[in-house]
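Trainee: Okay, so here is target-v8.cif, and as you'll see once you scroll down, it has mmCIF, N, CA and C atoms and all ligand atoms.
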data_final
#
loop_
_atom_site.group_PDB
_atom_site.id
_atom_site.type_symbol
_atom_site.label_atom_id
_atom_site.label_comp_id
_atom_site.auth_asym_id
_atom_site.auth_seq_id
_atom_site.Cartn_x
_atom_site.Cartn_y
_atom_site.Cartn_z
ATOM 1 N N MET M 678 0.849 -1.199 0.000
ATOM 2 C CA MET M 678 0.000 0.000 0.000
ATOM 3 C C MET M 678 0.887 1.253 0.000
ATOM 4 N N ASP M 679 0.617 2.186 -0.923
ATOM 5 C CA ASP M 679 1.407 3.421 -0.982
ATOM 6 C C ASP M 679 1.085 4.319 0.212
ATOM 7 N N ILE M 680 2.131 5.040 0.678
ATOM 8 C CA ILE M 680 1.911 5.997 1.778
ATOM 9 C C ILE M 680 1.217 7.229 1.199
ATOM 10 N N ARG M 681 0.232 7.760 1.935
ATOM 11 C CA ARG M 681 -0.482 8.970 1.513
ATOM 12 C C ARG M 681 0.324 10.183 1.982
ATOM 13 N N CYS M 682 0.794 11.004 1.040
ATOM 14 C CA CYS M 682 1.613 12.165 1.399
ATOM 15 C C CYS M 682 0.718 13.312 1.878
ATOM 16 N N THR M 683 1.281 14.113 2.784
ATOM 17 C CA THR M 683 0.489 15.236 3.311
ATOM 18 C C THR M 683 1.075 16.586 2.888
ATOM 19 N N SER M 684 2.144 16.573 2.071
ATOM 20 C CA SER M 684 2.699 17.841 1.568
ATOM 21 C C SER M 684 3.429 17.586 0.251
ATOM 22 N N LEU M 685 3.628 18.661 -0.525
ATOM 23 C CA LEU M 685 4.370 18.557 -1.791
ATOM 24 C C LEU M 685 5.811 18.125 -1.518
ATOM 25 N N GLU M 686 6.357 18.616 -0.394
ATOM 26 C CA GLU M 686 7.734 18.251 -0.018
ATOM 27 C C GLU M 686 7.857 16.737 0.162
ATOM 28 N N GLU M 687 6.864 16.178 0.826
ATOM 29 C CA GLU M 687 6.866 14.727 1.064
ATOM 30 C C GLU M 687 6.740 13.969 -0.264
ATOM 31 N N VAL M 688 5.890 14.470 -1.168
ATOM 32 C CA VAL M 688 5.743 13.865 -2.500
ATOM 33 C C VAL M 688 7.101 13.859 -3.200
ATOM 34 N N ARG M 689 7.783 15.022 -3.147
ATOM 35 C CA ARG M 689 9.066 15.155 -3.867
ATOM 36 C C ARG M 689 10.157 14.301 -3.234
ATOM 37 N N GLN M 690 10.124 14.165 -1.920
ATOM 38 C CA GLN M 690 11.100 13.279 -1.258
ATOM 39 C C GLN M 690 10.904 11.846 -1.751
ATOM 40 N N GLY M 691 9.637 11.442 -1.865
ATOM 41 C CA GLY M 691 9.327 10.093 -2.362
ATOM 42 C C GLY M 691 9.817 9.915 -3.793
ATOM 43 N N ILE M 692 9.593 10.935 -4.624
ATOM 44 C CA ILE M 692 10.042 10.876 -6.028
ATOM 45 C C ILE M 692 11.570 10.804 -6.091
ATOM 46 N N ASP M 693 12.258 11.626 -5.277
ATOM 47 C CA ASP M 693 13.737 11.626 -5.280
ATOM 48 C C ASP M 693 14.290 10.250 -4.898
ATOM 49 N N GLU M 694 13.635 9.616 -3.945
ATOM 50 C CA GLU M 694 14.061 8.285 -3.496
ATOM 51 C C GLU M 694 13.896 7.261 -4.630
ATOM 52 N N ILE M 695 12.767 7.336 -5.309
ATOM 53 C CA ILE M 695 12.516 6.413 -6.427
ATOM 54 C C ILE M 695 13.511 6.679 -7.552
ATOM 55 N N ASP M 696 13.823 7.956 -7.821
ATOM 56 C CA ASP M 696 14.771 8.286 -8.887
ATOM 57 C C ASP M 696 16.152 7.685 -8.607
ATOM 58 N N ARG M 697 16.542 7.694 -7.328
ATOM 59 C CA ARG M 697 17.838 7.097 -6.951
ATOM 60 C C ARG M 697 17.872 5.619 -7.375
ATOM 61 N N SER M 698 16.788 4.898 -7.084
ATOM 62 C CA SER M 698 16.719 3.476 -7.444
ATOM 63 C C SER M 698 16.642 3.306 -8.958
ATOM 64 N N LEU M 699 15.817 4.144 -9.603
ATOM 65 C CA LEU M 699 15.632 4.008 -11.052
ATOM 66 C C LEU M 699 16.935 4.242 -11.819
ATOM 67 N N VAL M 700 17.672 5.292 -11.413
ATOM 68 C CA VAL M 700 18.914 5.618 -12.124
ATOM 69 C C VAL M 700 19.937 4.496 -11.940
ATOM 70 N N SER M 701 19.960 3.918 -10.744
ATOM 71 C CA SER M 701 20.872 2.806 -10.491
ATOM 72 C C SER M 701 20.490 1.610 -11.388
ATOM 73 N N LEU M 702 19.199 1.333 -11.489
ATOM 74 C CA LEU M 702 18.744 0.221 -12.341
ATOM 75 C C LEU M 702 18.994 0.515 -13.822
ATOM 76 N N LEU M 703 18.843 1.791 -14.208
ATOM 77 C CA LEU M 703 19.104 2.158 -15.610
ATOM 78 C C LEU M 703 20.577 1.934 -15.960
ATOM 79 N N ALA M 704 21.465 2.271 -15.010
ATOM 80 C CA ALA M 704 22.897 2.061 -15.248
ATOM 81 C C ALA M 704 23.177 0.567 -15.418
ATOM 82 N N LYS M 705 22.554 -0.247 -14.580
ATOM 83 C CA LYS M 705 22.725 -1.703 -14.636
ATOM 84 C C LYS M 705 22.171 -2.250 -15.962
ATOM 85 N N ARG M 706 20.974 -1.765 -16.346
ATOM 86 C CA ARG M 706 20.361 -2.199 -17.609
ATOM 87 C C ARG M 706 21.246 -1.789 -18.792
ATOM 88 N N GLY M 707 21.800 -0.585 -18.707
ATOM 89 C CA GLY M 707 22.662 -0.076 -19.785
ATOM 90 C C GLY M 707 23.898 -0.943 -19.986
ATOM 91 N N ARG M 708 24.455 -1.410 -18.862
ATOM 92 C CA ARG M 708 25.654 -2.260 -18.972
ATOM 93 C C ARG M 708 25.310 -3.586 -19.651
ATOM 94 N N LEU M 709 24.114 -4.102 -19.394
ATOM 95 C CA LEU M 709 23.683 -5.348 -20.068
ATOM 96 C C LEU M 709 23.453 -5.101 -21.558
ATOM 97 N N VAL M 710 22.782 -3.989 -21.881
ATOM 98 C CA VAL M 710 22.521 -3.676 -23.297
ATOM 99 C C VAL M 710 23.851 -3.563 -24.051
ATOM 100 N N THR M 711 24.826 -2.900 -23.441
ATOM 101 C CA THR M 711 26.135 -2.749 -24.086
ATOM 102 C C THR M 711 26.766 -4.113 -24.360
ATOM 103 N N GLN M 712 26.632 -5.032 -23.403
ATOM 104 C CA GLN M 712 27.199 -6.377 -23.610
ATOM 105 C C GLN M 712 26.540 -7.086 -24.794
ATOM 106 N N ALA M 713 25.251 -6.786 -25.050
ATOM 107 C CA ALA M 713 24.524 -7.453 -26.138
ATOM 108 C C ALA M 713 25.202 -7.209 -27.479
ATOM 109 N N ALA M 714 25.850 -6.038 -27.634
ATOM 110 C CA ALA M 714 26.476 -5.669 -28.919
ATOM 111 C C ALA M 714 27.473 -6.733 -29.394
ATOM 112 N N ALA M 715 28.170 -7.347 -28.444
ATOM 113 C CA ALA M 715 29.214 -8.322 -28.791
ATOM 114 C C ALA M 715 28.633 -9.590 -29.419
ATOM 115 N N PHE M 716 27.343 -9.831 -29.226
ATOM 116 C CA PHE M 716 26.727 -11.063 -29.727
ATOM 117 C C PHE M 716 25.998 -10.848 -31.051
ATOM 118 N N LYS M 717 26.136 -9.634 -31.632
ATOM 119 C CA LYS M 717 25.355 -9.293 -32.823
ATOM 120 C C LYS M 717 26.263 -8.992 -34.012
ATOM 121 N N LYS M 718 25.812 -9.430 -35.210
ATOM 122 C CA LYS M 718 26.613 -9.216 -36.417
ATOM 123 C C LYS M 718 26.319 -7.853 -37.067
ATOM 124 N N THR M 719 25.039 -7.572 -37.309
ATOM 125 C CA THR M 719 24.678 -6.388 -38.086
ATOM 126 C C THR M 719 24.002 -5.324 -37.221
ATOM 127 N N THR M 720 23.870 -4.120 -37.827
ATOM 128 C CA THR M 720 23.171 -3.053 -37.092
ATOM 129 C C THR M 720 21.675 -3.379 -36.970
ATOM 130 N N ASP M 721 21.148 -4.154 -37.927
ATOM 131 C CA ASP M 721 19.745 -4.596 -37.789
ATOM 132 C C ASP M 721 19.606 -5.506 -36.564
ATOM 133 N N ASP M 722 20.615 -6.356 -36.353
ATOM 134 C CA ASP M 722 20.611 -7.214 -35.150
ATOM 135 C C ASP M 722 20.626 -6.341 -33.892
ATOM 136 N N VAL M 723 21.388 -5.245 -33.923
ATOM 137 C CA VAL M 723 21.452 -4.345 -32.753
ATOM 138 C C VAL M 723 20.074 -3.759 -32.486
ATOM 139 N N ARG M 724 19.399 -3.311 -33.540
ATOM 140 C CA ARG M 724 18.078 -2.675 -33.353
ATOM 141 C C ARG M 724 17.012 -3.682 -32.899
ATOM 142 N N ALA M 725 17.094 -4.906 -33.395
ATOM 143 C CA ALA M 725 16.201 -6.014 -32.996
ATOM 144 C C ALA M 725 14.752 -5.577 -32.746
ATOM 145 N N PRO M 726 14.054 -5.070 -33.772
ATOM 146 C CA PRO M 726 12.705 -4.527 -33.541
ATOM 147 C C PRO M 726 11.707 -5.528 -32.960
ATOM 148 N N ALA M 727 11.835 -6.809 -33.308
ATOM 149 C CA ALA M 727 10.896 -7.808 -32.769
ATOM 150 C C ALA M 727 11.072 -7.938 -31.254
ATOM 151 N N ARG M 728 12.315 -7.883 -30.810
ATOM 152 C CA ARG M 728 12.590 -7.946 -29.366
ATOM 153 C C ARG M 728 12.041 -6.692 -28.660
ATOM 154 N N VAL M 729 12.176 -5.532 -29.326
ATOM 155 C CA VAL M 729 11.637 -4.301 -28.724
ATOM 156 C C VAL M 729 10.132 -4.467 -28.475
ATOM 157 N N GLU M 730 9.425 -4.990 -29.482
ATOM 158 C CA GLU M 730 7.966 -5.151 -29.325
ATOM 159 C C GLU M 730 7.629 -6.173 -28.231
ATOM 160 N N GLN M 731 8.471 -7.212 -28.102
ATOM 161 C CA GLN M 731 8.267 -8.206 -27.032
ATOM 162 C C GLN M 731 8.412 -7.534 -25.653
ATOM 163 N N VAL M 732 9.451 -6.695 -25.531
ATOM 164 C CA VAL M 732 9.678 -5.983 -24.254
ATOM 165 C C VAL M 732 8.485 -5.057 -23.962
ATOM 166 N N ILE M 733 8.022 -4.347 -24.987
ATOM 167 C CA ILE M 733 6.903 -3.411 -24.787
ATOM 168 C C ILE M 733 5.645 -4.162 -24.332
ATOM 169 N N ARG M 734 5.362 -5.282 -24.980
ATOM 170 C CA ARG M 734 4.180 -6.074 -24.576
ATOM 171 C C ARG M 734 4.289 -6.469 -23.104
ATOM 172 N N LYS M 735 5.485 -6.946 -22.727
ATOM 173 C CA LYS M 735 5.718 -7.415 -21.350
ATOM 174 C C LYS M 735 5.556 -6.279 -20.332
ATOM 175 N N VAL M 736 6.174 -5.121 -20.618
ATOM 176 C CA VAL M 736 6.122 -4.044 -19.616
ATOM 177 C C VAL M 736 4.720 -3.421 -19.530
ATOM 178 N N ARG M 737 3.960 -3.495 -20.640
ATOM 179 C CA ARG M 737 2.559 -3.031 -20.569
ATOM 180 C C ARG M 737 1.775 -3.933 -19.616
ATOM 181 N N GLU M 738 1.995 -5.247 -19.733
ATOM 182 C CA GLU M 738 1.348 -6.207 -18.822
ATOM 183 C C GLU M 738 1.737 -5.916 -17.370
ATOM 184 N N LEU M 739 3.046 -5.711 -17.157
ATOM 185 C CA LEU M 739 3.544 -5.447 -15.796
ATOM 186 C C LEU M 739 2.928 -4.167 -15.231
ATOM 187 N N ALA M 740 2.782 -3.143 -16.094
ATOM 188 C CA ALA M 740 2.183 -1.876 -15.648
ATOM 189 C C ALA M 740 0.747 -2.108 -15.204
ATOM 190 N N ASN M 741 0.009 -2.880 -15.986
ATOM 191 C CA ASN M 741 -1.387 -3.169 -15.621
ATOM 192 C C ASN M 741 -1.465 -3.916 -14.296
ATOM 193 N N GLU M 742 -0.578 -4.901 -14.135
ATOM 194 C CA GLU M 742 -0.572 -5.672 -12.881
ATOM 195 C C GLU M 742 -0.252 -4.782 -11.675
ATOM 196 N N ALA M 743 0.626 -3.765 -11.914
ATOM 197 C CA ALA M 743 1.052 -2.889 -10.809
ATOM 198 C C ALA M 743 0.077 -1.733 -10.586
ATOM 199 N N GLY M 744 -0.972 -1.664 -11.402
ATOM 200 C CA GLY M 744 -1.943 -0.574 -11.251
ATOM 201 C C GLY M 744 -1.447 0.739 -11.827
ATOM 202 N N GLY M 745 -0.465 0.667 -12.756
ATOM 203 C CA GLY M 745 0.062 1.881 -13.403
ATOM 204 C C GLY M 745 -0.532 2.049 -14.791
ATOM 205 N N SER M 746 -0.053 3.073 -15.484
ATOM 206 C CA SER M 746 -0.560 3.344 -16.831
ATOM 207 C C SER M 746 0.311 2.624 -17.870
ATOM 208 N N ALA M 747 -0.314 1.710 -18.631
ATOM 209 C CA ALA M 747 0.429 0.996 -19.683
ATOM 210 C C ALA M 747 0.904 1.981 -20.751
ATOM 211 N N GLU M 748 0.127 3.034 -21.002
ATOM 212 C CA GLU M 748 0.499 4.028 -22.028
ATOM 213 C C GLU M 748 1.760 4.788 -21.608
ATOM 214 N N VAL M 749 1.788 5.225 -20.356
ATOM 215 C CA VAL M 749 2.969 5.963 -19.862
ATOM 216 C C VAL M 749 4.194 5.051 -19.888
ATOM 217 N N VAL M 750 4.015 3.826 -19.401
ATOM 218 C CA VAL M 750 5.142 2.884 -19.358
ATOM 219 C C VAL M 750 5.653 2.606 -20.782
ATOM 220 N N GLU M 751 4.734 2.445 -21.731
ATOM 221 C CA GLU M 751 5.177 2.209 -23.120
ATOM 222 C C GLU M 751 5.979 3.408 -23.649
ATOM 223 N N GLN M 752 5.479 4.619 -23.405
ATOM 224 C CA GLN M 752 6.195 5.812 -23.893
ATOM 225 C C GLN M 752 7.591 5.905 -23.277
ATOM 226 N N VAL M 753 7.661 5.667 -21.962
ATOM 227 C CA VAL M 753 8.950 5.740 -21.261
ATOM 228 C C VAL M 753 9.900 4.686 -21.834
ATOM 229 N N TYR M 754 9.397 3.470 -22.022
ATOM 230 C CA TYR M 754 10.232 2.378 -22.519
ATOM 231 C C TYR M 754 10.697 2.622 -23.950
ATOM 232 N N ARG M 755 9.803 3.151 -24.801
ATOM 233 C CA ARG M 755 10.227 3.409 -26.194
ATOM 234 C C ARG M 755 11.355 4.448 -26.223
ATOM 235 N N ALA M 756 11.228 5.494 -25.399
ATOM 236 C CA ALA M 756 12.280 6.524 -25.341
ATOM 237 C C ALA M 756 13.567 5.933 -24.772
ATOM 238 N N MET M 757 13.430 5.145 -23.707
ATOM 239 C CA MET M 757 14.616 4.552 -23.067
ATOM 240 C C MET M 757 15.334 3.587 -24.016
ATOM 241 N N ILE M 758 14.569 2.706 -24.660
ATOM 242 C CA ILE M 758 15.194 1.712 -25.544
ATOM 243 C C ILE M 758 15.866 2.414 -26.723
ATOM 244 N N SER M 759 15.234 3.464 -27.234
ATOM 245 C CA SER M 759 15.826 4.220 -28.338
ATOM 246 C C SER M 759 17.218 4.758 -27.924
ATOM 247 N N ALA M 760 17.312 5.298 -26.708
ATOM 248 C CA ALA M 760 18.605 5.811 -26.224
ATOM 249 C C ALA M 760 19.608 4.679 -26.042
ATOM 250 N N PHE M 761 19.142 3.541 -25.548
ATOM 251 C CA PHE M 761 20.053 2.402 -25.364
ATOM 252 C C PHE M 761 20.521 1.854 -26.715
ATOM 253 N N ILE M 762 19.636 1.875 -27.722
ATOM 254 C CA ILE M 762 20.041 1.393 -29.051
ATOM 255 C C ILE M 762 21.163 2.286 -29.606
ATOM 256 N N THR M 763 21.035 3.600 -29.408
ATOM 257 C CA THR M 763 22.082 4.524 -29.868
ATOM 258 C C THR M 763 23.423 4.158 -29.225
ATOM 259 N N GLU M 764 23.382 3.878 -27.933
ATOM 260 C CA GLU M 764 24.608 3.513 -27.208
ATOM 261 C C GLU M 764 25.154 2.164 -27.703
ATOM 262 N N GLU M 765 24.221 1.223 -27.896
ATOM 263 C CA GLU M 765 24.637 -0.115 -28.342
ATOM 264 C C GLU M 765 25.231 -0.064 -29.753
ATOM 265 N N LEU M 766 24.655 0.806 -30.613
ATOM 266 C CA LEU M 766 25.198 0.951 -31.982
ATOM 267 C C LEU M 766 26.636 1.474 -31.927
ATOM 268 N N ALA M 767 26.889 2.407 -31.004
ATOM 269 C CA ALA M 767 28.253 2.960 -30.869
ATOM 270 C C ALA M 767 29.217 1.867 -30.414
ATOM 271 N N THR M 768 28.798 1.060 -29.458
ATOM 272 C CA THR M 768 29.650 -0.046 -28.986
ATOM 273 C C THR M 768 29.882 -1.045 -30.115
ATOM 274 N N HIS M 769 28.821 -1.352 -30.862
ATOM 275 C CA HIS M 769 28.909 -2.310 -31.969
ATOM 276 C C HIS M 769 29.911 -1.814 -33.018
ATOM 277 N N ALA M 770 29.852 -0.519 -33.325
ATOM 278 C CA ALA M 770 30.766 0.055 -34.330
ATOM 279 C C ALA M 770 32.211 -0.031 -33.838
ATOM 280 N N LYS M 771 32.427 0.253 -32.549
ATOM 281 C CA LYS M 771 33.783 0.183 -31.970
ATOM 282 C C LYS M 771 34.314 -1.245 -32.071
ATOM 283 N N LEU M 772 33.477 -2.219 -31.736
ATOM 284 C CA LEU M 772 33.898 -3.625 -31.784
ATOM 285 C C LEU M 772 34.222 -4.036 -33.225
ATOM 286 N N ALA M 773 33.431 -3.532 -34.173
ATOM 287 C CA ALA M 773 33.644 -3.888 -35.587
ATOM 288 C C ALA M 773 34.962 -3.315 -36.101
ATOM 289 N N ASN M 774 35.359 -2.147 -35.549
ATOM 290 C CA ASN M 774 36.599 -1.493 -35.995
ATOM 291 C C ASN M 774 37.830 -1.934 -35.211
ATOM 292 N N ALA M 775 37.602 -2.648 -34.113
ATOM 293 C CA ALA M 775 38.739 -3.062 -33.277
ATOM 294 C C ALA M 775 39.530 -4.150 -33.991
ATOM 295 N N PRO M 776 40.870 -4.086 -33.895
ATOM 296 C CA PRO M 776 41.656 -5.145 -34.521
ATOM 297 C C PRO M 776 41.351 -6.491 -33.853
ATOM 298 N N SER M 777 41.193 -7.543 -34.657
ATOM 299 C CA SER M 777 40.846 -8.846 -34.067
ATOM 300 C C SER M 777 42.078 -9.493 -33.444
ATOM 301 N N ALA M 778 41.834 -10.350 -32.461
ATOM 302 C CA ALA M 778 42.940 -11.032 -31.760
ATOM 303 C C ALA M 778 43.675 -11.958 -32.735
ATOM 304 N N PRO M 779 44.998 -12.082 -32.560
ATOM 305 C CA PRO M 779 45.757 -12.934 -33.495
ATOM 306 C C PRO M 779 45.369 -14.415 -33.383
HETATM 307 C C1 LIG M 801 19.561 -5.420 -25.605
HETATM 308 C C2 LIG M 801 19.180 -5.660 -26.847
HETATM 309 O O1 LIG M 801 19.367 -4.724 -27.862
HETATM 310 C C3 LIG M 801 18.484 -3.637 -28.097
HETATM 311 C C4 LIG M 801 17.967 -3.021 -26.864
HETATM 312 C C5 LIG M 801 16.821 -3.504 -26.293
HETATM 313 C C6 LIG M 801 16.402 -3.059 -24.924
HETATM 314 O O2 LIG M 801 16.916 -2.033 -24.454
HETATM 315 O O3 LIG M 801 15.571 -3.754 -24.311
HETATM 316 C C7 LIG M 801 16.013 -4.430 -26.978
HETATM 317 C C8 LIG M 801 16.293 -4.798 -28.263
HETATM 318 C C9 LIG M 801 17.371 -4.122 -29.015
HETATM 319 O O4 LIG M 801 16.804 -3.008 -29.687
HETATM 320 C C10 LIG M 801 18.620 -6.962 -27.265
HETATM 321 O O5 LIG M 801 18.624 -7.270 -28.468
HETATM 322 O O6 LIG M 801 18.158 -7.706 -26.395
#
Let's see the structure in the file written out as structure tokens.
Mentor:
Amino acid sequence: MDIRCTSLEEVRQGIDEIDRSLVSLLAKRGRLVTQAAAFKKTTDDVRAPARVEQVIRKVRELANEAGGSAEVVEQVYRAMISAFITEELATHAKLANAPSAP
């Protein structure tokens, strides 16, 4: 059960606390996404649109189960994944240009 806040300050303290956890999880998720680049051949593999849609379907379900907005969660996830794809493409390009081991 969520705590009922009695002031804007209390609301913002709650948001700041959640942001601390979210940013930490985003950093962890980002490190996993970066690792994915090493297992992919092409930039189409990096973008993996079918996987993106699978993730979106899943997080919409999770949002509904948690009593949140599936629309908001989808928008947040599409923006987040787009940023992670940009990062993963950069890692993929670096790996492709790196001299291979003898
Ligand atoms: C991490 C991957 O690469 C990309 C990033 C994804 C994500 O952030 O969830 C999903 C698919 C790909 O666009 C993957 O293919 O699983």
Trainee: Apply DSSP to the structure's backbone, then extract all residues of chain M labelled alpha helix (DSSP H) and return them as a ChimeraX atom specification.
Mentor: /M:685-713,720-724,726-742,747-774
Trainee: Please compute the atom CA of M:Asp693-atom CA of M:Phe761 distance, one decimal, in Å.
Mentor: 23.0 Å
Trainee: Determine, for each residue of chain M having at least one atom at most 12 Å from an atom of ligand LIG 801 (chain M), the closest pair of atoms and their separation in Å to one decimal, counting only C-alpha atoms and all ligand atoms; order by chain and ascending number, as CSV.
Mentor:
residue,atom,partner,partner_atom,distance
M:Leu703,CA,M:LIG801,O2,10.0
M:Ala704,CA,M:LIG801,O2,11.7
M:Lys705,CA,M:LIG801,O2,11.4
M:Arg706,CA,M:LIG801,O2,7.7
M:Gly707,CA,M:LIG801,O2,7.7
M:Arg708,CA,M:LIG801,C1,9.5
M:Leu709,CA,M:LIG801,C1,6.9
M:Val710,CA,M:LIG801,C1,4.1
M:Thr711,CA,M:LIG801,C1,7.3
M:Gln712,CA,M:LIG801,C1,8.0
M:Ala713,CA,M:LIG801,C1,5.4
M:Ala714,CA,M:LIG801,O1,7.2
M:Ala715,CA,M:LIG801,O1,10.5
M:Phe716,CA,M:LIG801,O5,9.0
M:Lys717,CA,M:LIG801,O5,8.3
M:Lys718,CA,M:LIG801,O5,11.4
M:Thr719,CA,M:LIG801,O5,11.4
M:Thr720,CA,M:LIG801,O4,9.8
M:Asp721,CA,M:LIG801,O4,8.8
M:Asp722,CA,M:LIG801,O5,7.0
M:Val723,CA,M:LIG801,O1,5.3
M:Arg724,CA,M:LIG801,O4,3.9
M:Ala725,CA,M:LIG801,O4,4.5
M:Pro726,CA,M:LIG801,O4,5.8
M:Ala727,CA,M:LIG801,C8,7.6
M:Arg728,CA,M:LIG801,C8,5.0
M:Val729,CA,M:LIG801,C8,4.7
M:Glu730,CA,M:LIG801,C8,8.4
M:Gln731,CA,M:LIG801,C7,8.6
M:Val732,CA,M:LIG801,O3,6.3
M:Ile733,CA,M:LIG801,O3,8.7
M:Arg734,CA,M:LIG801,O3,11.6
M:Lys735,CA,M:LIG801,O3,10.9
M:Val736,CA,M:LIG801,O3,10.6
M:Val753,CA,M:LIG801,O2,11.6
M:Tyr754,CA,M:LIG801,O2,8.2
M:Arg755,CA,M:LIG801,O2,8.8
M:Ala756,CA,M:LIG801,O2,9.8
M:Met757,CA,M:LIG801,O2,7.1
M:Ile758,CA,M:LIG801,O2,4.3
M:Ser759,CA,M:LIG801,O4,7.4
M:Ala760,CA,M:LIG801,O2,8.2
M:Phe761,CA,M:LIG801,O2,5.5
M:Ile762,CA,M:LIG801,C4,5.3
M:Thr763,CA,M:LIG801,C3,9.1
M:Glu764,CA,M:LIG801,C4,9.3
M:Glu765,CA,M:LIG801,O1,7.0
M:Leu766,CA,M:LIG801,C3,9.0
M:Thr768,CA,M:LIG801,O1,11.4
M:His769,CA,M:LIG801,O1,10.7
Trainee: Around all of stretch 754-760 of chain M's listed atoms, make the axis-aligned box with 8 Å on each side and tell me centre and edge lengths in Å to one decimal, as JSON.
Mentor:
{"center_x": 14.5, "center_y": 4.1, "center_z": -25.2, "size_x": 26.2, "size_y": 20.8, "size_z": 22.3}
Trainee: Can you work out the spacing between atom N of M:Arg737 and atom N of M:Val749 in Å, to one decimal?
Mentor: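 Atom N of M:Val749 lies 9.0 Å from atom N of M:Arg737.
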Trainee: What's the separation between atom N of M:Ser746 and atom CA of M:Ile692, in Å to one decimal place?
Mentor: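 Rounded to one decimal, the two atoms are 15.9 Å apart.
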